[in-house]
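The structure appears right after this line, and notes come after that.
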Amino acid sequence: MAFPKLVELQISQIHFHTPRSASNPVRLSSLLHWKTIQQILQFNAIQPCTKLLSVLENVDSFIDTHCHLDRMFKCFRKTNHSATLEQFLNDLREMSSTDLAGCVTVFCDPVDFDENLWSKILSTDGVFAAVGQHPKSVESFTDHTLSFIRQCMGGPRVCALGEIGLDYSVRCNKYRQQQVFRQLLCLAVSCGKPIVVHCREALKDCSAILLELVPKFWKIHLHCYTGKFAEIQDLLVNFPFLFIGITALVTYSSVPAQNMQETAKHIPLDRFLLETDGPYFMPKSLLKKGSFSIPSMVSLVAAEVAQIRGVDRRVILHYSRLNATCMYGIPMTYSWE
């Protein structure tokens, strides 16, 4: 059975990480996402190629795997002082691309938790949540906070615990950050939840704690990784289901942005996630046109990654959607409506 056009495109344009030769042939498993291969194997040789093509081409939608809708709402109200949450969500839908399938909104400030806002946001189709404690605010973390996050893990739209981690980029109590990180990792594992990790200038300690407390095949989203790609290799090997988050920072030219571009170029296609971290990281091309980023802007991240890798944008969208489903268990049928 001949490969359809999109698969041929991927095979011809993907950056290979090992040299091709007769003694070192390229395996199909190195080119395609494991879920794609699983779907391919469901078809037998007598079925037309058009059906196989539909498996690959029906993934043009995308998911913003890391944003903060509660913080976006605060930004929205700076210029719309009397706006309600309903107005904000309606405007967000109107501003969003039809290709946006949904988002994972991250609540990481338990001390500012608003139950009414939480319930309204999570009643929106296509919106899922992660709940955690940001490392920069661990001084407010208490036993009550731990109990609160544990309770949140039972929510029907809560798909992960996070963001949590270590941040040494500012003056901080490293011991306290590590202590809270350990507690929340143990909670995530006991609840069976994927983990969203925030790590800034703390990769050595972060890696050591993950290796100590998290099972090998756990699902981990290393959010907005800005370190060097070479430094993340051990984690990628030790955690086969660890995904690297790429944000609109990739559109800039700073040193962290250059590191992210290097990661975007070399990361295996089944190991990355697209995110906005909205309201932060406005894409460079829109910097003067808006005050904060929104989930639909993740399409610009996809376009930048595609340009960096020299592949069609559909290839990046295909893998990013499947990777998001693999990481967070979000059904492919969900859409932002």
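Labels for the structure tokens follow display order: chains A, B, ..., residues from 1 in each chain, ligands from 1.
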
For Gly162 in chain A, please output as a list in words all residues within 8 Å (counting only C-alpha atoms; exclusion window: fewer than 4 positions along the same chain).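 Counting only the stated atoms, we get Val106, Phe107, Cys108, Ala130, Val131, Gly132, Gln133, His134, Ile195, Val196 and Val197 of chain A.
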
Can you tell me, as a PyMOL selection string, what residues are no more than 9 Å from Met297 in chain A when counting only C-alpha atoms, ignoring any on the same chain fewer than 2 positions away? chain A and resi 64+96-97+248+275-276+278+282-283+293-295+299-301

If you keep C-alpha atoms, can you produce a file of those selected residues as a PDB file, in the first residue's frame?
ATOM      1  CA  ASP A  64      -3.161  25.433  23.740  1.00  0.00           C
ATOM      2  CA  SER A  96     -10.284  32.564  18.341  1.00  0.00           C
ATOM      3  CA  SER A  97      -9.518  30.651  15.188  1.00  0.00           C
ATOM      4  CA  ALA A 248       5.717  32.197  21.481  1.00  0.00           C
ATOM      5  CA  GLU A 275       1.475  26.524  24.392  1.00  0.00           C
ATOM      6  CA  THR A 276       0.920  30.262  24.757  1.00  0.00           C
ATOM      7  CA  GLY A 278      -1.274  33.381  27.978  1.00  0.00           C
ATOM      8  CA  MET A 282       2.725  37.709  23.000  1.00  0.00           C
ATOM      9  CA  PRO A 283       4.038  36.507  19.592  1.00  0.00           C
ATOM     10  CA  SER A 293      -1.819  36.570  24.351  1.00  0.00           C
ATOM     11  CA  ILE A 294      -4.799  34.264  23.963  1.00  0.00           C
ATOM     12  CA  PRO A 295      -5.078  30.512  23.174  1.00  0.00           C
ATOM     13  CA  SER A 299      -1.187  28.686  15.797  1.00  0.00           C
ATOM     14  CA  LEU A 300       1.598  31.268  15.349  1.00  0.00           C
ATOM     15  CA  VAL A 301       3.853  29.133  17.536  1.00  0.00           C
TER      16      VAL A 301
END

Using DSSP secondary structure from the backbone, list all helix (DSSP H, G or I) positions within range 68-248 of chain A, as JSON, numbers by chain. {"A": [69, 70, 71, 72, 73, 74, 75, 76, 77, 78, 79, 85, 86, 87, 88, 89, 90, 91, 92, 93, 94, 95, 110, 111, 112, 115, 116, 117, 118, 119, 120, 121, 122, 135, 136, 137, 138, 139, 140, 143, 144, 145, 146, 147, 148, 149, 150, 151, 152, 174, 175, 176, 177, 178, 179, 180, 181, 182, 183, 184, 185, 186, 187, 188, 189, 190, 191, 203, 204, 205, 206, 207, 208, 209, 210, 211, 212, 213, 229, 230, 231, 232, 233, 234, 235, 236, 237, 238, 248]}

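With only C-alpha atoms as the atoms that count, the residue of A:Ala303, A:Leu222, A:Cys103, A:Met72 with the shortest distance to Phe239 in chain A is A:Leu222.
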
Proximity check range 103-172 of chain A to range 312-331 of chain A, 10 Å, nearest pairs one decimal Å, only C-alpha atoms, as JSON lines:
{"residue": "A:Cys103", "atom": "CA", "partner": "A:Ile330", "partner_atom": "CA", "distance": 9.6}
{"residue": "A:Val104", "atom": "CA", "partner": "A:Tyr328", "partner_atom": "CA", "distance": 8.7}
{"residue": "A:Gly126", "atom": "CA", "partner": "A:Ile330", "partner_atom": "CA", "distance": 8.8}
{"residue": "A:Val127", "atom": "CA", "partner": "A:Ile330", "partner_atom": "CA", "distance": 9.6}
{"residue": "A:Phe128", "atom": "CA", "partner": "A:Ile330", "partner_atom": "CA", "distance": 8.2}
{"residue": "A:Ala129", "atom": "CA", "partner": "A:Tyr328", "partner_atom": "CA", "distance": 9.7}
{"residue": "A:Ala130", "atom": "CA", "partner": "A:Tyr328", "partner_atom": "CA", "distance": 9.6}
{"residue": "A:Arg157", "atom": "CA", "partner": "A:Ile330", "partner_atom": "CA", "distance": 9.5}
{"residue": "A:Val158", "atom": "CA", "partner": "A:Tyr328", "partner_atom": "CA", "distance": 9.5}
{"residue": "A:Cys159", "atom": "CA", "partner": "A:Tyr328", "partner_atom": "CA", "distance": 5.8}
{"residue": "A:Ala160", "atom": "CA", "partner": "A:Tyr328", "partner_atom": "CA", "distance": 7.0}

Write the residues of the selection above to a file with N, CA and C atoms, as a short mmCIF file (atom, residue, chain, number, x, y, z; two decimals), in the first residue's frame.
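And here's part.cif as it stands now:
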data_model
loop_
_atom_site.label_atom_id
_atom_site.label_comp_id
_atom_site.auth_asym_id
_atom_site.auth_seq_id
_atom_site.Cartn_x
_atom_site.Cartn_y
_atom_site.Cartn_z
N CYS A 103 -8.19 24.24 25.27
CA CYS A 103 -6.99 24.64 26.01
C CYS A 103 -6.95 23.97 27.38
N VAL A 104 -5.75 23.97 27.94
CA VAL A 104 -5.56 23.57 29.34
C VAL A 104 -5.24 24.85 30.10
N GLY A 126 -14.37 22.45 25.75
CA GLY A 126 -12.99 22.46 25.29
C GLY A 126 -11.97 22.96 26.28
N VAL A 127 -12.43 23.37 27.48
CA VAL A 127 -11.50 23.88 28.50
C VAL A 127 -11.26 22.82 29.57
N PHE A 128 -9.99 22.53 29.80
CA PHE A 128 -9.57 21.60 30.85
C PHE A 128 -8.62 22.34 31.79
N ALA A 129 -8.31 21.72 32.91
CA ALA A 129 -7.52 22.45 33.91
C ALA A 129 -6.41 21.62 34.51
N ALA A 130 -5.38 22.33 34.92
CA ALA A 130 -4.33 21.79 35.79
C ALA A 130 -4.32 22.69 37.03
N ARG A 157 -12.96 17.94 34.95
CA ARG A 157 -12.18 18.57 33.89
C ARG A 157 -10.72 18.80 34.30
N VAL A 158 -10.32 18.33 35.46
CA VAL A 158 -8.93 18.49 35.92
C VAL A 158 -8.10 17.35 35.36
N CYS A 159 -7.18 17.68 34.46
CA CYS A 159 -6.44 16.64 33.75
C CYS A 159 -4.98 16.54 34.19
N ALA A 160 -4.53 17.40 35.11
CA ALA A 160 -3.13 17.35 35.54
C ALA A 160 -2.93 18.14 36.83
#

Can you tell me how far CA of Val189 in chain A sits from CA of Val214 in chain A, in Å to one decimal?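 For CA of Val189 in chain A relative to CA of Val214 in chain A, the distance reads 7.0 Å.
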
Find the spatial neighbours of Ala230 in chain A, counting only C-alpha atoms, within a cut-off of 12 Å - ignore same-chain residues fewer than 4 positions away - and output them as a CSV table (one decimal) with N, CA and C atoms, in the first residue's frame.
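Written out: out_24.csv:
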chain,number,residue,atom,x,y,z
A,203,LEU,N,17.6,23.1,36.6
A,203,LEU,CA,17.4,21.8,35.9
A,203,LEU,C,18.1,20.7,36.7
A,226,THR,N,13.3,26.8,28.5
A,226,THR,CA,14.2,27.8,27.9
A,226,THR,C,15.7,27.5,28.0
A,234,ASP,N,19.1,13.8,29.1
A,234,ASP,CA,18.9,12.7,30.1
A,234,ASP,C,17.4,12.6,30.5
A,235,LEU,N,16.8,13.7,30.7
A,235,LEU,CA,15.4,13.7,31.1
A,235,LEU,C,14.5,13.0,30.0
A,236,LEU,N,14.8,13.4,28.8
A,236,LEU,CA,14.0,12.8,27.7
A,236,LEU,C,14.2,11.3,27.6
A,237,VAL,N,15.4,10.8,27.9
A,237,VAL,CA,15.7,9.4,27.9
A,237,VAL,C,15.0,8.7,29.2
A,259,ASN,N,17.6,29.4,22.6
A,259,ASN,CA,17.6,28.0,23.2
A,259,ASN,C,16.3,27.3,22.8
A,260,MET,N,15.2,28.0,22.9
A,260,MET,CA,13.9,27.4,22.5
A,260,MET,C,13.9,27.0,21.0
A,262,GLU,N,16.4,26.2,19.2
A,262,GLU,CA,17.3,25.0,19.1
A,262,GLU,C,16.5,23.8,19.5
A,263,THR,N,15.7,23.9,20.6
A,263,THR,CA,14.9,22.7,21.0
A,263,THR,C,13.8,22.4,20.0
A,266,HIS,N,15.3,20.4,17.1
A,266,HIS,CA,15.8,19.1,17.3
A,266,HIS,C,14.9,18.1,18.1
A,267,ILE,N,13.9,18.6,18.8
A,267,ILE,CA,13.1,17.8,19.6
A,267,ILE,C,12.4,16.7,18.7

Range 213-243 of chain A: residues DSSP assigns to strand (DSSP E or B), reported as a list of chain:residue names: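 Strand (DSSP E or B) members of range 213-243 of chain A, listed: A:Ile220, A:His221, A:Leu222, A:His223, A:Leu242, A:Phe243.
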
Would you save the residues from that selection as a PDB file, in the first residue's frame, using C-alpha atoms?
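Below you can see result_11.pdb, which holds the result:
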ATOM      1  CA  ILE A 220       5.255  15.112  32.335  1.00  0.00           C
ATOM      2  CA  HIS A 221       4.878  18.460  30.597  1.00  0.00           C
ATOM      3  CA  LEU A 222       8.050  20.526  31.025  1.00  0.00           C
ATOM      4  CA  HIS A 223       6.395  23.870  30.474  1.00  0.00           C
ATOM      5  CA  LEU A 242       8.023  13.740  29.018  1.00  0.00           C
ATOM      6  CA  PHE A 243       6.955  16.496  26.623  1.00  0.00           C
TER       7      PHE A 243
END

Provide the CA of Asn116 in chain A to CA of Met153 in chain A distance in Å, to one decimal place. 17.3 Å

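Nearest to Gly192 in chain A of all the residues A:Cys172, A:Ile63, A:Leu161, A:Ala208 is A:Leu161, counting only C-alpha atoms.
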
Mind checking which residues fall within 8 Å of Leu249 in chain A, counting only C-alpha atoms, ignoring those fewer than 2 positions away in the same chain, and posting them as a PDB file with C-alpha atoms, in the first residue's frame?
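Written file, out-v4.pdb:
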ATOM      1  CA  ILE A 246       7.240  25.526  23.236  1.00  0.00           C
ATOM      2  CA  THR A 247       5.742  29.011  23.564  1.00  0.00           C
ATOM      3  CA  THR A 251       9.508  33.991  17.855  1.00  0.00           C
ATOM      4  CA  TYR A 252      12.026  36.281  19.598  1.00  0.00           C
ATOM      5  CA  PRO A 256      16.319  31.964  26.047  1.00  0.00           C
ATOM      6  CA  ALA A 257      14.478  32.340  22.725  1.00  0.00           C
ATOM      7  CA  MET A 260      13.937  27.367  22.508  1.00  0.00           C
ATOM      8  CA  PHE A 281       4.520  35.728  25.664  1.00  0.00           C
ATOM      9  CA  MET A 282       2.725  37.709  23.000  1.00  0.00           C
ATOM     10  CA  PRO A 283       4.038  36.507  19.592  1.00  0.00           C
TER      11      PRO A 283
END

Expressed in Å to a single decimal, how great is the separation between CA of Pro279 in chain A and CA of Ala188 in chain A? 25.8 Å

If you count only C-alpha atoms, which residues fall within 12 Å of Ser147 in chain A, apart from same-chain ones fewer than 5 positions away, as number ranges by chain? A: 110, 132, 141-142, 152-154, 183-184, 187

Take the residues from that selection and write them out as a compact mmCIF listing (two decimals), in the first residue's frame, keeping all heavy atoms.
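Saved as again_27.txt:
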# COMPACT_ATOMS: atom_id res chain seq x y z
N PRO A 110 -3.37 29.07 44.49
CA PRO A 110 -4.49 28.64 45.34
C PRO A 110 -4.97 29.71 46.31
O PRO A 110 -6.16 29.77 46.64
CB PRO A 110 -3.91 27.44 46.09
CG PRO A 110 -2.87 26.89 45.18
CD PRO A 110 -2.26 28.10 44.54
N GLY A 132 -2.13 23.61 40.68
CA GLY A 132 -0.89 23.40 41.42
C GLY A 132 -0.50 24.64 42.20
O GLY A 132 -1.33 25.48 42.52
N PHE A 141 2.27 28.37 50.70
CA PHE A 141 1.83 26.97 50.69
C PHE A 141 1.72 26.43 52.12
O PHE A 141 2.65 26.56 52.92
CB PHE A 141 2.82 26.12 49.89
CG PHE A 141 2.39 24.70 49.69
CD1 PHE A 141 1.56 24.35 48.64
CD2 PHE A 141 2.83 23.70 50.56
CE1 PHE A 141 1.18 23.03 48.43
CE2 PHE A 141 2.45 22.38 50.37
CZ PHE A 141 1.62 22.05 49.32
N THR A 142 0.56 25.80 52.42
CA THR A 142 0.31 25.23 53.74
C THR A 142 -0.29 23.84 53.58
O THR A 142 -0.56 23.39 52.46
CB THR A 142 -0.67 26.10 54.53
OG1 THR A 142 -1.94 26.11 53.86
CG2 THR A 142 -0.16 27.54 54.65
N CYS A 152 -9.12 19.21 44.45
CA CYS A 152 -9.31 19.62 43.06
C CYS A 152 -9.02 18.49 42.07
O CYS A 152 -9.61 18.45 40.98
CB CYS A 152 -8.41 20.81 42.74
SG CYS A 152 -8.92 22.37 43.50
N MET A 153 -8.13 17.59 42.43
CA MET A 153 -7.76 16.51 41.52
C MET A 153 -8.94 15.62 41.15
O MET A 153 -8.90 14.90 40.15
CB MET A 153 -6.64 15.65 42.14
CG MET A 153 -5.29 16.36 42.25
SD MET A 153 -4.58 16.91 40.68
CE MET A 153 -4.96 18.66 40.73
N GLY A 154 -10.00 15.67 41.93
CA GLY A 154 -11.18 14.85 41.63
C GLY A 154 -12.13 15.51 40.66
O GLY A 154 -13.15 14.92 40.28
N GLN A 183 6.38 17.40 47.83
CA GLN A 183 5.04 17.08 48.33
C GLN A 183 4.03 16.97 47.19
O GLN A 183 3.21 16.04 47.16
CB GLN A 183 4.58 18.16 49.32
CG GLN A 183 5.23 18.09 50.68
CD GLN A 183 4.67 19.17 51.62
OE1 GLN A 183 5.12 20.32 51.60
NE2 GLN A 183 3.69 18.80 52.41
N LEU A 184 4.12 17.90 46.25
CA LEU A 184 3.14 17.91 45.18
C LEU A 184 3.41 16.82 44.14
O LEU A 184 2.47 16.30 43.52
CB LEU A 184 3.10 19.29 44.53
CG LEU A 184 2.51 20.37 45.44
CD1 LEU A 184 2.64 21.76 44.82
CD2 LEU A 184 1.04 20.07 45.77
N LEU A 187 1.84 13.83 45.60
CA LEU A 187 0.39 13.91 45.47
C LEU A 187 -0.05 13.54 44.05
O LEU A 187 -1.01 12.79 43.87
CB LEU A 187 -0.09 15.33 45.81
CG LEU A 187 -1.59 15.60 45.62
CD1 LEU A 187 -2.42 14.65 46.49
CD2 LEU A 187 -1.91 17.05 45.94

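By chain and then residue number, the residues within 12 Å of Ser137 in chain A are Cys108, Asp109, Pro110, Val111, Asp112, Gly132, Gln133, His134, Pro135, Glu139, Ser140, Phe141, Thr142, Thr145, Glu163, Ile164, Gly165, Leu166, Asp167, Val170, Arg171, Cys172, Asn173, Lys174, Arg176, Gln177, Val180 and Phe181 of chain A, counting only C-alpha atoms and disregarding those fewer than 2 positions away in sequence.
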
Can those selected residues be exported to a file as a tab-separated table (two decimals), in the first residue's frame so that it contains N, CA, C and O atoms?
chain	number	residue	atom	x	y	z
A	108	CYS	N	-2.56	28.16	39.39
A	108	CYS	CA	-1.38	27.87	40.22
A	108	CYS	C	-1.21	28.89	41.34
A	108	CYS	O	-0.11	29.05	41.87
A	109	ASP	N	-2.31	29.56	41.69
A	109	ASP	CA	-2.31	30.50	42.81
A	109	ASP	C	-3.47	30.17	43.75
A	109	ASP	O	-4.47	30.89	43.80
A	110	PRO	N	-3.37	29.07	44.49
A	110	PRO	CA	-4.49	28.64	45.34
A	110	PRO	C	-4.97	29.71	46.31
A	110	PRO	O	-6.16	29.77	46.64
A	111	VAL	N	-4.08	30.59	46.75
A	111	VAL	CA	-4.46	31.62	47.71
A	111	VAL	C	-5.47	32.59	47.09
A	111	VAL	O	-6.27	33.21	47.81
A	112	ASP	N	-5.47	32.73	45.76
A	112	ASP	CA	-6.39	33.64	45.07
A	112	ASP	C	-7.54	32.89	44.40
A	112	ASP	O	-8.24	33.44	43.54
A	132	GLY	N	-2.13	23.61	40.68
A	132	GLY	CA	-0.89	23.40	41.42
A	132	GLY	C	-0.50	24.64	42.20
A	132	GLY	O	-1.33	25.48	42.52
A	133	GLN	N	0.79	24.73	42.51
A	133	GLN	CA	1.35	25.86	43.26
A	133	GLN	C	2.62	26.31	42.55
A	133	GLN	O	3.59	25.55	42.46
A	134	HIS	N	2.61	27.52	42.04
A	134	HIS	CA	3.78	28.03	41.33
A	134	HIS	C	4.95	28.15	42.30
A	134	HIS	O	4.78	28.58	43.45
A	135	PRO	N	6.15	27.76	41.87
A	135	PRO	CA	7.30	27.80	42.78
A	135	PRO	C	7.64	29.19	43.32
A	135	PRO	O	8.21	29.30	44.41
A	139	GLU	N	5.85	30.32	49.50
A	139	GLU	CA	5.80	30.77	50.88
A	139	GLU	C	4.37	30.77	51.42
A	139	GLU	O	4.16	30.72	52.64
A	140	SER	N	3.40	30.80	50.52
A	140	SER	CA	2.00	30.77	50.96
A	140	SER	C	1.45	29.35	51.04
A	140	SER	O	0.28	29.15	51.41
A	141	PHE	N	2.27	28.37	50.70
A	141	PHE	CA	1.83	26.97	50.69
A	141	PHE	C	1.72	26.43	52.12
A	141	PHE	O	2.65	26.56	52.92
A	142	THR	N	0.56	25.80	52.42
A	142	THR	CA	0.31	25.23	53.74
A	142	THR	C	-0.29	23.84	53.58
A	142	THR	O	-0.56	23.39	52.46
A	145	THR	N	-3.40	24.15	51.74
A	145	THR	CA	-3.19	24.24	50.29
A	145	THR	C	-3.07	22.84	49.69
A	145	THR	O	-3.67	22.54	48.65
A	163	GLU	N	0.90	24.21	37.60
A	163	GLU	CA	2.31	23.95	37.43
A	163	GLU	C	3.02	23.98	38.77
A	163	GLU	O	2.68	24.78	39.64
A	164	ILE	N	4.01	23.14	38.91
A	164	ILE	CA	4.82	23.03	40.12
A	164	ILE	C	6.28	22.91	39.69
A	164	ILE	O	6.56	22.62	38.54
A	165	GLY	N	7.19	23.14	40.63
A	165	GLY	CA	8.59	22.97	40.25
A	165	GLY	C	9.55	23.83	41.02
A	165	GLY	O	9.32	24.13	42.21
A	166	LEU	N	10.60	24.27	40.33
A	166	LEU	CA	11.67	25.06	40.95
A	166	LEU	C	11.99	26.25	40.07
A	166	LEU	O	12.04	26.13	38.83
A	167	ASP	N	12.20	27.40	40.69
A	167	ASP	CA	12.56	28.60	39.94
A	167	ASP	C	13.64	29.35	40.72
A	167	ASP	O	13.36	30.02	41.71
A	170	VAL	N	15.01	33.99	40.41
A	170	VAL	CA	14.85	35.12	41.33
A	170	VAL	C	15.32	34.68	42.72
A	170	VAL	O	15.48	33.48	43.00
A	171	ARG	N	15.55	35.64	43.58
A	171	ARG	CA	15.96	35.31	44.94
A	171	ARG	C	14.86	34.49	45.61
A	171	ARG	O	13.69	34.88	45.60
A	172	CYS	N	15.22	33.35	46.18
A	172	CYS	CA	14.21	32.45	46.70
A	172	CYS	C	14.78	31.56	47.80
A	172	CYS	O	15.99	31.46	47.98
A	173	ASN	N	13.88	30.89	48.48
A	173	ASN	CA	14.24	29.87	49.46
A	173	ASN	C	14.24	28.53	48.72
A	173	ASN	O	13.20	27.90	48.54
A	174	LYS	N	15.41	28.11	48.27
A	174	LYS	CA	15.50	26.89	47.46
A	174	LYS	C	15.01	25.67	48.23
A	174	LYS	O	14.33	24.80	47.65
A	176	ARG	N	12.72	25.52	50.54
A	176	ARG	CA	11.26	25.52	50.61
A	176	ARG	C	10.65	25.12	49.27
A	176	ARG	O	9.68	24.36	49.22
A	177	GLN	N	11.21	25.63	48.17
A	177	GLN	CA	10.72	25.25	46.85
A	177	GLN	C	10.84	23.74	46.64
A	177	GLN	O	9.90	23.09	46.16
A	180	VAL	N	8.17	21.80	48.78
A	180	VAL	CA	6.82	21.85	48.21
A	180	VAL	C	6.75	21.02	46.93
A	180	VAL	O	5.77	20.30	46.69
A	181	PHE	N	7.78	21.13	46.10
A	181	PHE	CA	7.84	20.35	44.86
A	181	PHE	C	7.72	18.86	45.17
A	181	PHE	O	6.95	18.13	44.52

Selected residue of minimal separation from Gly155 in chain A among A:Thr79, A:Ser119, A:Ser190, A:Thr65, counting only C-alpha atoms: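 Ranking A:Thr79, A:Ser119, A:Ser190, A:Thr65 by distance to Gly155 in chain A, first place goes to A:Ser119.
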
Choose the residue, out of A:Ser169, A:Ser291, A:Lys228, A:Asp114, that has the smallest atom-to-atom separation from Arg77 in chain A; count only C-alpha atoms. A:Ser291
